[in-house]
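The file run39.txt comes next; it holds compact mmCIF, C-alpha atoms.
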```txt
# COMPACT_ATOMS: atom_id res chain seq x y z
CA MET A 41 -32.79 19.36 17.12
CA SER A 42 -32.35 21.69 14.18
CA SER A 43 -29.43 24.03 13.70
CA THR A 44 -29.09 26.59 16.47
CA ASN A 45 -28.38 29.26 13.86
CA SER A 46 -29.93 28.91 10.43
CA HIS A 47 -28.65 31.97 8.56
CA VAL A 48 -25.81 32.25 6.06
CA ILE A 49 -22.79 34.19 7.33
CA THR A 50 -20.74 36.38 5.00
CA CYS A 51 -17.14 36.64 6.16
CA LYS A 52 -13.55 36.84 4.93
CA GLY A 53 -11.24 33.96 4.11
CA ILE A 54 -8.04 33.18 2.22
CA VAL A 55 -8.63 31.50 -1.13
CA SER A 56 -6.59 29.75 -3.80
CA TRP A 57 -7.98 30.19 -7.31
CA GLY A 58 -5.54 27.87 -9.05
CA LYS A 59 -2.05 26.39 -9.12
CA GLY A 60 0.62 29.05 -9.02
CA GLU A 61 -1.86 31.87 -8.47
CA PRO A 62 -1.42 34.19 -5.47
CA LEU A 63 -3.63 33.64 -2.46
CA LYS A 64 -6.41 36.21 -2.14
CA VAL A 65 -8.66 37.40 0.68
CA GLU A 66 -12.26 37.03 -0.47
CA GLU A 67 -15.76 37.45 0.90
CA ILE A 68 -17.18 33.98 1.50
CA GLN A 69 -20.72 32.87 2.26
CA VAL A 70 -20.73 30.14 4.91
CA GLU A 71 -23.94 28.12 5.21
CA PRO A 72 -25.39 26.87 8.50
CA PRO A 73 -24.39 23.39 9.65
CA LYS A 74 -26.38 20.35 8.53
CA LEU A 75 -26.76 16.90 10.11
CA TYR A 76 -23.83 16.11 12.46
CA GLU A 77 -22.08 19.34 11.51
CA VAL A 78 -20.79 22.32 13.49
CA ARG A 79 -20.13 25.90 12.44
CA VAL A 80 -17.05 27.32 14.12
CA LYS A 81 -15.97 30.93 14.60
CA MET A 82 -12.23 30.80 14.09
CA LEU A 83 -9.93 32.67 16.52
CA TYR A 84 -6.48 31.70 15.28
CA ALA A 85 -5.03 29.57 12.52
CA SER A 86 -1.49 28.62 11.58
CA VAL A 87 0.39 27.73 8.44
CA CYS A 88 1.43 24.21 7.51
CA HIS A 89 3.42 23.20 4.42
CA THR A 90 0.43 21.06 3.39
CA ASP A 91 -1.66 24.22 3.02
CA LEU A 92 0.57 25.37 0.16
CA LEU A 93 0.31 21.95 -1.47
CA LEU A 94 -3.48 22.18 -1.28
CA ALA A 95 -3.36 25.70 -2.71
CA ASN A 96 -1.50 24.27 -5.70
CA GLY A 97 -4.00 21.49 -6.29
CA PHE A 98 -2.50 18.59 -4.36
CA PRO A 99 -3.76 15.92 -4.24
CA ILE A 100 -6.95 16.93 -6.12
CA PRO A 101 -7.03 20.20 -8.12
CA VAL A 102 -10.37 21.72 -7.10
CA PHE A 103 -10.76 25.50 -7.06
CA PRO A 104 -11.57 27.94 -5.61
CA ARG A 105 -10.32 26.38 -2.39
CA VAL A 106 -10.52 28.02 1.04
CA ILE A 107 -7.22 27.12 2.63
CA GLY A 108 -6.18 26.08 6.14
CA HIS A 109 -6.41 22.98 8.31
CA GLU A 110 -4.70 24.12 11.53
CA GLY A 111 -6.53 26.37 13.95
CA VAL A 112 -8.65 26.93 17.01
CA GLY A 113 -12.09 28.43 17.39
CA VAL A 114 -15.36 28.42 19.28
CA VAL A 115 -18.61 26.68 18.38
CA GLU A 116 -20.97 29.22 16.81
CA SER A 117 -23.86 26.86 16.01
CA ILE A 118 -24.58 23.15 15.81
CA GLY A 119 -26.56 21.06 13.35
CA GLU A 120 -29.07 18.32 13.94
CA GLY A 121 -27.75 15.22 15.69
CA VAL A 122 -24.73 16.91 17.28
CA THR A 123 -24.11 15.85 20.87
CA GLY A 124 -21.32 16.65 23.31
CA LEU A 125 -20.87 20.22 22.04
CA ARG A 126 -22.60 23.51 22.66
CA GLU A 127 -22.19 27.09 21.55
CA GLY A 128 -19.05 28.68 22.97
CA ASP A 129 -17.03 25.47 23.37
CA LEU A 130 -13.35 25.76 22.42
CA VAL A 131 -12.48 23.32 19.61
CA ILE A 132 -9.76 22.39 17.14
CA PRO A 133 -10.16 20.64 13.77
CA THR A 134 -8.55 17.28 13.08
CA TYR A 135 -8.32 15.95 9.54
CA VAL A 136 -8.20 12.42 10.95
CA ALA A 137 -11.30 11.05 12.69
CA GLU A 138 -11.66 8.47 15.44
CA CYS A 139 -15.06 6.76 15.54
CA ARG A 140 -13.87 4.18 18.10
CA THR A 141 -16.06 1.49 16.52
CA CYS A 142 -14.47 0.53 13.18
CA GLU A 143 -11.79 -2.14 12.75
CA ASN A 144 -8.98 0.41 12.47
CA CYS A 145 -10.06 2.54 15.42
CA MET A 146 -10.26 -0.59 17.56
CA SER A 147 -6.73 -1.53 16.51
CA GLU A 148 -3.40 -0.26 17.81
CA LYS A 149 -1.86 -0.66 14.35
CA THR A 150 -3.24 2.48 12.71
CA ASN A 151 -5.02 5.79 13.33
CA LEU A 152 -6.86 5.87 9.99
CA CYS A 153 -10.59 5.61 10.65
CA LEU A 154 -12.52 3.52 8.11
CA LYS A 155 -15.93 4.98 8.92
CA TYR A 156 -14.82 8.60 8.48
CA PRO A 157 -11.72 8.58 6.24
CA THR A 158 -9.59 11.67 5.69
CA ARG A 159 -11.23 14.02 3.16
CA TYR A 160 -9.25 15.26 0.15
CA ASN A 161 -11.95 16.27 -2.33
CA GLY A 162 -12.88 19.54 -0.59
CA LEU A 163 -16.45 18.46 0.12
CA MET A 164 -18.45 17.45 3.18
CA LEU A 165 -19.50 13.85 3.81
CA ASP A 166 -22.71 14.35 1.79
CA GLY A 167 -20.71 15.40 -1.26
CA SER A 168 -21.52 19.11 -1.09
CA SER A 169 -19.79 22.26 0.17
CA ARG A 170 -20.92 24.72 2.84
CA MET A 171 -19.15 27.67 1.22
CA THR A 172 -19.70 29.83 -1.84
CA ILE A 173 -17.98 32.88 -3.31
CA GLY A 174 -20.35 35.09 -5.24
CA GLY A 175 -22.61 32.12 -5.90
CA GLN A 176 -19.75 29.82 -6.98
CA THR A 177 -19.04 26.67 -4.99
CA ALA A 178 -15.91 27.00 -2.87
CA TYR A 179 -14.06 23.89 -1.70
CA HIS A 180 -12.81 23.10 1.79
CA ALA A 181 -9.12 22.39 2.45
CA LEU A 182 -9.33 18.95 4.08
CA SER A 183 -12.10 18.41 6.61
CA CYS A 184 -12.22 22.15 7.22
CA SER A 185 -11.04 25.61 6.13
CA THR A 186 -9.38 27.35 9.03
CA TRP A 187 -8.06 30.44 7.20
CA CYS A 188 -11.57 31.81 7.31
CA GLN A 189 -13.54 33.70 9.93
CA TYR A 190 -16.17 30.94 9.99
CA MET A 191 -16.16 27.34 8.79
CA VAL A 192 -18.41 24.28 8.86
CA ILE A 193 -16.97 20.93 9.85
CA ASN A 194 -18.33 17.45 10.52
CA LEU A 195 -18.53 16.58 14.22
CA ASN A 196 -16.21 13.61 13.73
CA PHE A 197 -13.33 15.87 12.69
CA LEU A 198 -13.61 18.18 15.68
CA LEU A 199 -12.09 17.93 19.16
CA LYS A 200 -13.34 19.84 22.19
CA ILE A 201 -10.49 21.12 24.36
CA ASP A 202 -10.03 22.72 27.77
CA PRO A 203 -11.19 26.37 27.58
CA LYS A 204 -8.06 27.36 29.56
CA THR A 205 -5.75 26.04 26.82
CA PRO A 206 -3.48 28.77 25.41
CA LEU A 207 -4.72 29.49 21.90
CA LEU A 208 -1.22 29.30 20.42
CA ASN A 209 -0.80 25.77 21.78
CA ALA A 210 -4.21 24.76 20.45
CA THR A 211 -3.60 25.80 16.87
CA PHE A 212 -0.02 24.49 16.72
CA LEU A 213 -1.13 21.09 18.05
CA SER A 214 -3.96 20.69 15.52
CA CYS A 215 -1.52 19.32 12.95
CA GLY A 216 2.17 20.21 12.37
CA PHE A 217 3.95 19.75 15.69
CA SER A 218 1.64 16.91 16.74
CA THR A 219 2.28 15.11 13.46
CA GLY A 220 6.03 15.09 14.06
CA TYR A 221 5.71 14.33 17.75
CA GLY A 222 3.40 11.40 17.12
CA ALA A 223 5.60 10.01 14.34
CA ALA A 224 8.34 9.46 16.92
CA TRP A 225 6.28 8.99 20.10
CA LYS A 226 3.53 6.75 18.73
CA GLU A 227 4.26 5.46 15.22
CA PRO A 228 7.47 3.39 15.55
CA MET A 229 7.35 2.89 19.34
CA LEU A 230 10.97 3.95 19.78
CA GLN A 231 13.02 2.03 22.31
CA ASN A 232 15.19 3.63 24.99
CA ALA A 233 18.73 4.45 23.88
CA SER A 234 17.70 4.59 20.22
CA SER A 235 19.38 6.75 17.59
CA VAL A 236 17.23 8.90 15.32
CA ALA A 237 17.75 11.10 12.26
CA VAL A 238 15.18 13.79 11.52
CA PHE A 239 15.13 15.20 7.99
CA GLY A 240 13.78 18.77 7.86
CA LEU A 241 13.51 20.95 10.96
CA GLY A 242 10.26 22.76 10.37
CA PRO A 243 7.46 22.40 12.95
CA VAL A 244 6.95 18.73 12.03
CA GLY A 245 10.65 17.95 12.37
CA LEU A 246 10.94 19.81 15.66
CA GLY A 247 7.97 17.83 16.92
CA ALA A 248 9.71 14.62 15.83
CA ILE A 249 12.83 15.61 17.79
CA LYS A 250 10.77 16.20 20.92
CA GLY A 251 8.85 12.96 20.44
CA ALA A 252 12.06 10.98 20.03
CA LYS A 253 13.55 12.49 23.19
CA SER A 254 10.37 11.70 25.12
CA ARG A 255 10.86 8.05 24.13
CA GLY A 256 14.41 8.02 25.50
CA ALA A 257 16.41 8.43 22.29
CA ILE A 258 20.02 9.22 23.20
CA LYS A 259 21.18 10.50 19.80
CA VAL A 260 18.86 12.70 17.76
CA ILE A 261 20.43 14.06 14.58
CA GLY A 262 18.69 17.01 12.95
CA ILE A 263 19.23 17.64 9.24
CA ASP A 264 18.46 20.96 7.53
CA LYS A 265 20.22 23.26 5.05
CA ASN A 266 19.14 26.33 7.01
CA PRO A 267 21.80 27.07 9.67
CA MET A 268 19.25 29.00 11.74
CA LYS A 269 17.43 25.73 12.44
CA GLU A 270 20.29 24.42 14.57
CA ALA A 271 19.32 26.49 17.60
CA LYS A 272 15.65 25.56 17.17
CA GLY A 273 16.51 21.88 17.04
CA GLN A 274 18.63 22.14 20.18
CA ALA A 275 15.74 23.81 22.00
CA PHE A 276 13.65 20.68 21.42
CA GLY A 277 16.37 18.17 22.33
CA MET A 278 18.50 17.64 19.22
CA THR A 279 21.98 16.30 20.03
CA ASP A 280 23.69 16.70 16.61
CA PHE A 281 23.12 18.91 13.57
CA ILE A 282 23.94 18.29 9.91
CA ASN A 283 23.84 21.04 7.32
CA PRO A 284 24.15 19.17 3.98
CA GLU A 285 25.41 22.29 2.22
CA GLN A 286 28.52 22.34 4.39
CA SER A 287 29.83 19.01 3.07
CA ASP A 288 30.34 17.23 -0.24
CA LYS A 289 29.37 13.90 1.32
CA PRO A 290 25.87 12.43 0.92
CA ILE A 291 23.69 12.93 4.00
CA ALA A 292 23.63 9.18 4.71
CA GLU A 293 27.42 9.16 5.03
CA LEU A 294 27.33 12.15 7.36
CA VAL A 295 24.78 10.35 9.54
CA LYS A 296 26.96 7.24 9.63
CA ASP A 297 29.96 9.35 10.57
CA LEU A 298 28.03 10.35 13.71
CA THR A 299 27.01 6.77 14.51
CA GLY A 300 30.24 4.82 14.26
CA GLY A 301 29.56 3.89 10.65
CA MET A 302 26.40 1.97 11.52
CA GLY A 303 23.59 4.42 10.79
CA VAL A 304 20.61 5.22 12.98
CA ASP A 305 17.84 2.99 14.27
CA TYR A 306 15.14 5.30 12.91
CA SER A 307 14.86 7.96 10.21
CA LEU A 308 11.95 10.40 10.29
CA GLU A 309 11.60 12.09 6.89
CA CYS A 310 9.60 15.31 7.22
CA THR A 311 10.11 17.04 3.85
CA GLY A 312 8.70 14.83 1.10
CA VAL A 313 11.72 15.67 -1.11
CA PRO A 314 12.43 12.52 -3.22
CA LEU A 315 16.21 12.73 -2.83
CA LEU A 316 15.92 12.99 0.94
CA ILE A 317 13.59 9.99 1.14
CA ASN A 318 16.33 7.77 -0.26
CA GLN A 319 18.94 9.40 1.97
CA ALA A 320 16.67 8.72 4.96
CA ILE A 321 16.51 5.04 3.99
CA GLN A 322 20.27 4.76 3.53
CA SER A 323 20.91 6.51 6.85
CA THR A 324 19.43 3.63 8.86
CA LYS A 325 21.06 0.44 10.11
CA LEU A 326 21.42 -2.56 7.85
CA GLY A 327 18.80 -5.21 8.59
CA THR A 328 16.87 -3.33 11.27
CA GLY A 329 16.52 0.30 10.18
CA LYS A 330 13.04 1.82 10.21
CA ILE A 331 12.03 4.84 8.15
CA ILE A 332 8.87 6.82 8.88
CA GLN A 333 7.76 8.92 5.91
CA ILE A 334 5.85 11.98 7.17
CA GLY A 335 6.47 14.71 4.61
CA ALA A 336 4.47 15.14 1.40
CA ALA A 337 5.31 16.91 -1.84
CA GLU A 338 3.56 17.57 -5.13
CA GLU A 339 5.25 14.53 -6.72
CA ALA A 340 2.91 11.61 -6.09
CA ASN A 341 5.42 9.05 -7.40
CA VAL A 342 8.96 8.72 -6.07
CA ASN A 343 11.82 6.47 -7.17
CA ILE A 344 12.96 4.35 -4.24
CA ASN A 345 16.26 2.48 -3.98
CA ILE A 346 14.73 -0.96 -3.58
CA LEU A 347 18.08 -2.60 -2.81
CA GLU A 348 18.33 -0.66 0.46
CA LEU A 349 14.89 -1.96 1.51
CA LEU A 350 15.70 -5.53 0.49
CA PHE A 351 18.48 -5.51 3.04
CA GLY A 352 16.04 -5.57 5.91
CA ARG A 353 14.97 -1.97 6.29
CA THR A 354 11.31 -1.01 6.76
CA LEU A 355 9.65 2.03 5.15
CA LYS A 356 6.31 3.12 6.64
CA GLY A 357 4.04 6.02 5.78
CA SER A 358 2.43 8.13 8.50
CA ILE A 359 -0.59 10.44 8.54
CA PHE A 360 -0.97 12.78 11.53
CA GLY A 361 1.93 10.97 13.18
CA GLY A 362 -0.21 7.91 13.86
CA LEU A 363 -2.16 9.88 16.47
CA LYS A 364 -5.78 9.11 17.28
CA PRO A 365 -7.39 12.50 17.98
CA LYS A 366 -9.66 11.57 20.88
CA THR A 367 -7.22 9.16 22.51
CA ASP A 368 -3.80 10.76 21.95
CA LEU A 369 -4.23 14.52 21.55
CA PRO A 370 -5.51 15.03 25.13
CA ILE A 371 -2.27 13.39 26.36
CA ILE A 372 -0.17 15.83 24.30
CA PHE A 373 -2.24 18.79 25.53
CA GLU A 374 -1.60 17.64 29.08
CA LYS A 375 2.14 17.49 28.38
CA CYS A 376 1.95 21.11 27.23
CA LYS A 377 0.00 22.06 30.34
CA ASN A 378 2.72 20.45 32.50
CA ARG A 379 5.43 22.23 30.46
CA GLU A 380 6.90 18.91 29.29
CA ILE A 381 6.33 20.34 25.81
CA GLN A 382 6.90 24.06 25.27
CA LEU A 383 5.71 25.47 21.96
CA ASP A 384 6.79 29.11 22.37
CA GLU A 385 9.91 28.43 20.27
CA LEU A 386 7.77 27.59 17.24
CA LYS A 387 6.14 30.96 16.63
CA SER A 388 8.24 33.18 14.39
CA HIS A 389 5.63 35.39 12.71
CA GLU A 390 2.10 36.61 13.37
CA ILE A 391 -0.14 38.17 10.74
CA LYS A 392 -3.73 39.30 10.39
CA LEU A 393 -6.13 37.34 8.21
CA GLU A 394 -6.17 40.29 5.79
CA ASP A 395 -2.44 39.73 5.18
CA GLY A 396 -2.85 36.10 4.20
CA ASN A 397 -1.44 36.74 0.75
CA LYS A 398 1.96 37.29 2.40
CA VAL A 399 2.25 33.70 3.63
CA SER A 400 4.29 32.37 0.71
CA GLU A 401 6.90 35.11 1.01
CA LEU A 402 7.15 34.79 4.80
CA LEU A 403 7.82 31.07 4.50
CA LYS A 404 10.89 31.83 2.39
CA GLN A 405 12.50 33.86 5.15
CA PRO A 406 15.32 31.92 6.87
CA ASP A 407 14.01 32.67 10.36
CA CYS A 408 10.48 31.45 9.60
CA VAL A 409 9.32 28.45 11.62
CA LYS A 410 5.61 28.88 12.26
CA ILE A 411 3.21 31.60 11.13
CA LEU A 412 0.27 32.39 13.39
CA ILE A 413 -2.80 33.93 11.71
CA ASN A 414 -4.82 36.18 14.01
CA ILE A 415 -8.42 35.94 12.84
```
Whole structure, structure tokens version:
Amino acid sequence: MSSTNSHVITCKGIVSWGKGEPLKVEEIQVEPPKLYEVRVKMLYASVCHTDLLLANGFPIPVFPRVIGHEGVGVVESIGEGVTGLREGDLVIPTYVAECRTCENCMSEKTNLCLKYPTRYNGLMLDGSSRMTIGGQTAYHALSCSTWCQYMVINLNFLLKIDPKTPLLNATFLSCGFSTGYGAAWKEPMLQNASSVAVFGLGPVGLGAIKGAKSRGAIKVIGIDKNPMKEAKGQAFGMTDFINPEQSDKPIAELVKDLTGGMGVDYSLECTGVPLLINQAIQSTKLGTGKIIQIGAAEEANVNINILELLFGRTLKGSIFGGLKPKTDLPIIFEKCKNREIQLDELKSHEIKLEDGNKVSELLKQPDCVKILINI
């Protein structure tokens, strides 16, 4: 079957033209979907720290780049070979695929699909883009570009969801909160009565707090220099709060002060700040401590205190919190439906797509947690 809609759509989207340059709203031409692709009319998107990294050229500096990887929309048209979806279906993008046939997808050890690996180069699987700006090739964010009225995405990076799902929940669960939640709930397989330190209380960190509590953690220490994050952390189950700027001690010492000098069983590092990565390592127990690295920053190389790892600690990286989209995300959506997870506390700002150039400034505000973009 050929594409159900074969014309190019001209629409608006938020674009980065280069590192350090302000985001701009541009007119973008979005092509129809090709083999195994879907064109989606976006309804809402949200802002993740990774979007700003992409806008600055991380990990590959390709421009112009249409930003955004969190969002929710409806299927506008489908390309040849697409099954299981039809026009009007409610969907969210996932930058991690799950083919359910490759070695990794068949394993419980990882969520990183080998057949459809995460895309960083801004292009579709065939090596081309589905977007142009005034005739110039425009690059996708990851597998998609959600800060745009329309986008094209490969079927394997798309998840159909219940049409009754609140749109706010759908967009917030497409990356940030789910990433943190999964990093505690799925990645390390926390044991009951564990102690956990969460570095950075943005949406990812708040998700990590909730995930740790769902696994029976009895002490969950939240760490953030913004005092306004204390109340947010408590809303998701945090038991203790550390503001590093209120003490001259290193964070690791403050964590040990709260754990009888022993340190925590698990550290979940959600910022990507090099200094905090080492503090996260040193905050865990000698011989058994586990550190899950979730956050990313523009620095690709980080100096690690190898001595702390030699003494029995384990450092593990995590993409999308170890979640498999088809297997795990429906479980998290069900938890939201049953009110086990309540995401209302996340939303702090809502803007129109036309105001997308305000994102960077809004993120600097102390009360900012999650920005919803009404498309």
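Relative to CA of Cys145 in chain A, CA of Ile100 in chain A is found at 26.1 Å.
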Original post:
Could you pull the residues within 7 Å of range 277-281 of chain A, counting all atoms listed in the file, minus those fewer than 2 positions along the same chain, as a PyMOL selection string?
Top reply: chain A and resi 249-250+253+259-263+270+273-275+283
**OP:** Please measure the separation of CA of Ala337 in chain A and CA of Gln189 in chain A, giving the value in Å to one decimal.
**Re:**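 Taking CA of Ala337 in chain A and CA of Gln189 in chain A, their separation equals 27.9 Å.
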**OP:** Check the smallest atom-to-atom distance from each of A:Phe103, A:Tyr135, A:Phe360, A:Phe217 to Thr186 in chain A using only C-alpha atoms, then report the winner.
**Re:**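 That would be A:Tyr135, the residue with the smallest distance to Thr186 in chain A.
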**OP:** Rank nothing, just name the residue among A:Ala252, A:Val80, A:Ile331, A:Ala336 nearest to Gly128 in chain A, using all atoms listed in the file.
**Re:**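 When distances to Gly128 in chain A are compared using all atoms listed in the file, the smallest one comes from A:Val80.
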Subject >> Proximity to Tyr84 in chain A - best of A:Gly111, A:Pro62, A:Gly357, A:Gly256, all atoms listed in the file >> reply: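 For Tyr84 in chain A, the nearest of the candidates is A:Gly111.
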**OP:** Could you pull out every residue with an atom within 7 Å of (12.7, 3.8, -1.0), file coordinates, counting all atoms listed in the file, and send them as a ChimeraX atom specification?
**Re:** /A:317-318,321,343-346,349
Filtering to C-alpha atoms, could you give me those residues as an mmCIF file, keeping the file's coordinate frame?
```cif
data_model
loop_
_atom_site.group_PDB
_atom_site.id
_atom_site.type_symbol
_atom_site.label_atom_id
_atom_site.label_comp_id
_atom_site.auth_asym_id
_atom_site.auth_seq_id
_atom_site.Cartn_x
_atom_site.Cartn_y
_atom_site.Cartn_z
ATOM 1 C CA ILE A 317 13.590 9.990 1.140
ATOM 2 C CA ASN A 318 16.330 7.770 -0.260
ATOM 3 C CA ILE A 321 16.510 5.040 3.990
ATOM 4 C CA ASN A 343 11.820 6.470 -7.170
ATOM 5 C CA ILE A 344 12.960 4.350 -4.240
ATOM 6 C CA ASN A 345 16.260 2.480 -3.980
ATOM 7 C CA ILE A 346 14.730 -0.960 -3.580
ATOM 8 C CA LEU A 349 14.890 -1.960 1.510
#
```
**OP:** Please provide the set of residues having any atom within 10 Å of Ile282 in chain A, restricted to all atoms listed in the file, with same-chain residues fewer than 2 positions apart removed, written as a PyMOL selection string.
**Re:** chain A and resi 237-239+261-267+270+280+284-287+291+294-295+298
Subject >> Near-Phe98 in chain A list (10 Å; all atoms listed in the file; drop same-chain fewer than 3 positions) as number ranges by chain >> reply: A: 59, 90-95, 101-102, 160-161, 336-340
For the selection just defined, write its residues with C-alpha atoms to a file, as an mmCIF file, in the frame of the given file.
```
data_model
loop_
_atom_site.group_PDB
_atom_site.id
_atom_site.type_symbol
_atom_site.label_atom_id
_atom_site.label_comp_id
_atom_site.auth_asym_id
_atom_site.auth_seq_id
_atom_site.Cartn_x
_atom_site.Cartn_y
_atom_site.Cartn_z
ATOM 1 C CA LYS A 59 -2.050 26.390 -9.120
ATOM 2 C CA THR A 90 0.430 21.060 3.390
ATOM 3 C CA ASP A 91 -1.660 24.220 3.020
ATOM 4 C CA LEU A 92 0.570 25.370 0.160
ATOM 5 C CA LEU A 93 0.310 21.950 -1.470
ATOM 6 C CA LEU A 94 -3.480 22.180 -1.280
ATOM 7 C CA ALA A 95 -3.360 25.700 -2.710
ATOM 8 C CA PRO A 101 -7.030 20.200 -8.120
ATOM 9 C CA VAL A 102 -10.370 21.720 -7.100
ATOM 10 C CA TYR A 160 -9.250 15.260 0.150
ATOM 11 C CA ASN A 161 -11.950 16.270 -2.330
ATOM 12 C CA ALA A 336 4.470 15.140 1.400
ATOM 13 C CA ALA A 337 5.310 16.910 -1.840
ATOM 14 C CA GLU A 338 3.560 17.570 -5.130
ATOM 15 C CA GLU A 339 5.250 14.530 -6.720
ATOM 16 C CA ALA A 340 2.910 11.610 -6.090
#
```
Which residues of range 241-266 of chain A have any atom within 12 Å of an atom in range 370-374 of chain A when counting all atoms listed in the file, and what is the closest pair of atoms for each, with the distance in Å to one decimal? Order the rows by chain and rising number and write it as JSON lines.
```
{"residue": "A:Gly247", "atom": "CA", "partner": "A:Ile372", "partner_atom": "CA", "distance": 11.2}
{"residue": "A:Lys250", "atom": "CA", "partner": "A:Ile372", "partner_atom": "CA", "distance": 11.5}
{"residue": "A:Gly251", "atom": "CA", "partner": "A:Ile372", "partner_atom": "CA", "distance": 10.2}
{"residue": "A:Ser254", "atom": "CA", "partner": "A:Ile372", "partner_atom": "CA", "distance": 11.3}
```
Subject >> Neighbour list for Leu182 in chain A as a VMD selection string, cut-off 12 Å, all atoms listed in the file, skip fewer than 3 positions in-chain >> reply: chain A and resid 90 to 91 93 to 95 97 to 100 102 105 to 110 133 to 137 157 to 165 169 179 185 to 187 191 to 194 197 215
**OP:** Please indicate the distance in Å from CA of Val236 in chain A to CA of Thr328 in chain A, rounded to one decimal place.
**Re:**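 Spanning CA of Val236 in chain A to CA of Thr328 in chain A is a straight-line distance of 12.9 Å.
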Subject >> Using only C-alpha atoms: which of A:Leu383, A:Cys142, A:Val78, A:Val409 has the shortest distance to Gly240 in chain A >> reply: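 Counting only C-alpha atoms, the residue closest to Gly240 in chain A is A:Val409.
When all atoms listed in the file are used to measure the gap to Thr211 in chain A, the shortest distance among A:Lys325, A:Lys392, A:Lys387, A:Lys155 belongs to A:Lys387.
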Original post:
Which polymer residues have any atom within 12 Å of an atom of Leu208 in chain A, counting all atoms listed in the file, with same-chain residues fewer than 5 positions away left out, as an MDAnalysis selection string?
Top reply: chainID A and resid 83:86 110:113 132 213:214 217 373 376 382:390 410:414
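Distance annotation: of A:Gly361, A:Pro406, A:Gly396, A:Gly327, the residue with the minimal separation from Ser56 in chain A is A:Gly396; atom set is all atoms listed in the file.
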